[in-house]
Amino acid sequence: MDEIRSKENPLIKEFVKLSSSNRFRRETGRFLLEGARIAGDAVQNGFHPITALVTAEALEKYPQTQKILQASERCAVIPKAVADKISGTITSQGIFCIFPIPDLDFKVQKDGIYLALCSLQDPGNVGTIVRTAEAFGISGLIITRDCPDFFSPKVLRAGMGSILRMPVKMAENGIQAVELLKKEGIRTYAAALTDSAVDITKATLGMGSCVVIGNEGNGLPQDVIHSCDNTVVIPMAGRAQSLNAAAAAAVCIWETTRKR
């Protein structure tokens, strides 16, 4: 196993750039995972690191480190100072892996249950929604291209590895997302406050349906709402006028999957 001690090493610069630049991730087709649990889960799910960097402390502390290194094409030991330069967290675990970005595509099934994310802005919300979707057995996610990068460190941390297991399909925009679902016979429901919106607890959700969640600040564009088959709203008894996007998505996921 190699040893890298300099923060100026080209490989270290690559790790830092993968952590900070969406464009660099797209250009190289690679992304960075940091942490023993999430990197270990990725390896367990069949992902093979292109490169793995670990500290001596991590080698001793985390049992899964050996499996991560064995699955890696290249690996090296780094000192804590170098780990701190790469890390996107305050207290680094000292494990960093570069993986190839998987294809974001899957076949929509008529009896599936789906969730579409349109123009979300917050990486934490996206990661949390993906984690919730996996937990409740959503069949797949459709996301618009202007959502946060699925392989950014913030999305990956919030998703706790769910992003690497969840079927995801990319759409150029909300209209295209709805059209591709309708083409496969999926009923689409816009989550929006409109005069014609149906209480989500009374809507015909379940198998063969998809709820479309919009931007945190502006919600769904009118053209996307009109392209959906129906509109649903979450009833609220309190004084708050809206929910956080991740919280709203969780309610929609629960209502959709409990009627499966």
# chains A, B, ... in the order shown; residues from 1 in each chain; ligands from 1
call {"tool": "residues_around", "arguments": {"residues": "A:Ile12", "least_positions_apart": "4", "cutoff": "9 Å", "atoms": "only C-alpha atoms", "output": "PyMOL selection string"}}
result
chain A and resi 4+6-8+16-17+82+85-86
call {"tool": "write_last_selection", "arguments": {"atoms": "C-alpha atoms", "output": "short mmCIF file (atom, residue, chain, number, x, y, z; two decimals), in the first residue's frame"}}
result
data_model
loop_
_atom_site.label_atom_id
_atom_site.label_comp_id
_atom_site.auth_asym_id
_atom_site.auth_seq_id
_atom_site.Cartn_x
_atom_site.Cartn_y
_atom_site.Cartn_z
CA ILE A 4 1.00 9.97 0.66
CA SER A 6 1.90 15.91 1.04
CA LYS A 7 -1.27 18.01 0.79
CA GLU A 8 -0.03 19.10 -2.64
CA VAL A 16 -10.53 17.85 -2.79
CA LYS A 17 -11.91 18.86 -6.19
CA VAL A 82 -3.99 15.42 4.80
CA LYS A 85 -7.70 18.86 4.05
CA ILE A 86 -9.91 16.42 2.13
#
call {"tool": "residues_around", "arguments": {"residues": "A:Met207", "least_positions_apart": "6", "cutoff": "9 Å", "atoms": "only C-alpha atoms", "output": "PyMOL selection string"}}
result
chain A and resi 110-114+186+256-257+259-260
call {"tool": "write_last_selection", "arguments": {"atoms": "N, CA and C atoms", "output": "CSV table (one decimal), in the first residue's frame"}}
result
chain,number,residue,atom,x,y,z
A,110,LYS,N,-45.5,-0.4,-14.3
A,110,LYS,CA,-46.9,0.1,-14.2
A,110,LYS,C,-47.4,-0.1,-12.7
A,111,ASP,N,-46.9,-1.1,-12.0
A,111,ASP,CA,-47.4,-1.3,-10.7
A,111,ASP,C,-46.5,-0.7,-9.6
A,112,GLY,N,-45.5,0.1,-10.0
A,112,GLY,CA,-44.6,0.7,-9.1
A,112,GLY,C,-45.2,1.9,-8.4
A,113,ILE,N,-44.5,2.3,-7.3
A,113,ILE,CA,-44.8,3.6,-6.6
A,113,ILE,C,-43.6,4.5,-6.7
A,114,TYR,N,-43.9,5.7,-7.2
A,114,TYR,CA,-42.7,6.6,-7.5
A,114,TYR,C,-42.9,8.0,-6.8
A,186,ILE,N,-48.6,5.6,-15.4
A,186,ILE,CA,-48.5,6.0,-14.0
A,186,ILE,C,-49.4,7.2,-13.7
A,256,THR,N,-48.6,7.3,0.2
A,256,THR,CA,-48.6,6.5,-1.0
A,256,THR,C,-48.3,5.0,-0.7
A,257,THR,N,-47.4,4.7,0.1
A,257,THR,CA,-47.0,3.4,0.4
A,257,THR,C,-47.9,2.6,1.3
A,259,LYS,N,-51.0,2.6,1.2
A,259,LYS,CA,-52.1,2.1,0.5
A,259,LYS,C,-51.7,1.1,-0.6
A,260,ARG,N,-50.5,0.6,-0.5
A,260,ARG,CA,-50.0,-0.3,-1.5
A,260,ARG,C,-50.7,-1.6,-1.5
call {"tool": "closest_atom_pairs", "arguments": {"of": "stretch 116-171 of chain A", "to": "stretch 99-106 of chain A", "cutoff": "9 Å", "atoms": "only C-alpha atoms", "output": "Markdown table"}}
result
| residue | atom | partner | partner_atom | distance |
| --- | --- | --- | --- | --- |
| A:Gly140 | CA | A:Phe106 | CA | 7.9 |
| A:Ile142 | CA | A:Asp105 | CA | 8.9 |
| A:Phe151 | CA | A:Ile101 | CA | 7.8 |
| A:Leu164 | CA | A:Pro102 | CA | 8.4 |
| A:Pro167 | CA | A:Phe106 | CA | 6.3 |
| A:Val168 | CA | A:Leu104 | CA | 5.3 |
| A:Lys169 | CA | A:Asp105 | CA | 4.2 |
| A:Met170 | CA | A:Leu104 | CA | 6.1 |
call {"tool": "atom_distance", "arguments": {"atom1": "atom CA of A:Lys182", "atom2": "atom CA of A:Leu205"}}
result
14.6 Å
call {"tool": "atom_distance", "arguments": {"atom1": "atom CA of A:Asn244", "atom2": "atom CA of A:Gly217"}}
result
9.4 Å
call {"tool": "closest_residue", "arguments": {"among": "A:Gly219, A:Gly124, A:Gly208, A:Pro148", "to": "A:Asn22", "atoms": "only C-alpha atoms"}}
result
A:Pro148
call {"tool": "residues_around", "arguments": {"residues": "A:Lys67", "least_positions_apart": "2", "cutoff": "12 Å", "atoms": "only C-alpha atoms", "output": "count of residues only"}}
result
23
call {"tool": "residues_around", "arguments": {"residues": "A:Val233", "least_positions_apart": "2", "cutoff": "8 Å", "atoms": "only C-alpha atoms", "output": "PyMOL selection string"}}
result
chain A and resi 191-193+197-200+231+235
call {"tool": "write_last_selection", "arguments": {"atoms": "N, CA and C atoms", "output": "tab-separated table (two decimals), in the first residue's frame"}}
result
chain	number	residue	atom	x	y	z
A	191	ALA	N	-48.10	17.82	-5.75
A	191	ALA	CA	-48.27	18.27	-4.37
A	191	ALA	C	-48.27	19.80	-4.39
A	192	ALA	N	-49.47	20.39	-4.37
A	192	ALA	CA	-49.58	21.84	-4.51
A	192	ALA	C	-50.89	22.33	-3.91
A	193	LEU	N	-50.86	23.56	-3.42
A	193	LEU	CA	-52.05	24.17	-2.82
A	193	LEU	C	-52.82	24.89	-3.92
A	197	ALA	N	-57.25	21.03	-5.30
A	197	ALA	CA	-56.43	20.02	-4.63
A	197	ALA	C	-57.27	19.12	-3.73
A	198	VAL	N	-56.94	17.82	-3.75
A	198	VAL	CA	-57.63	16.82	-2.93
A	198	VAL	C	-56.81	16.53	-1.69
A	199	ASP	N	-57.47	16.36	-0.57
A	199	ASP	CA	-56.79	15.94	0.66
A	199	ASP	C	-56.02	14.65	0.35
A	200	ILE	N	-54.72	14.65	0.62
A	200	ILE	CA	-53.89	13.51	0.23
A	200	ILE	C	-54.32	12.21	0.90
A	231	THR	N	-54.17	17.01	-8.25
A	231	THR	CA	-53.38	17.79	-7.29
A	231	THR	C	-53.77	17.36	-5.89
A	235	PRO	N	-53.28	18.11	4.61
A	235	PRO	CA	-54.08	18.90	5.55
A	235	PRO	C	-53.28	19.21	6.82
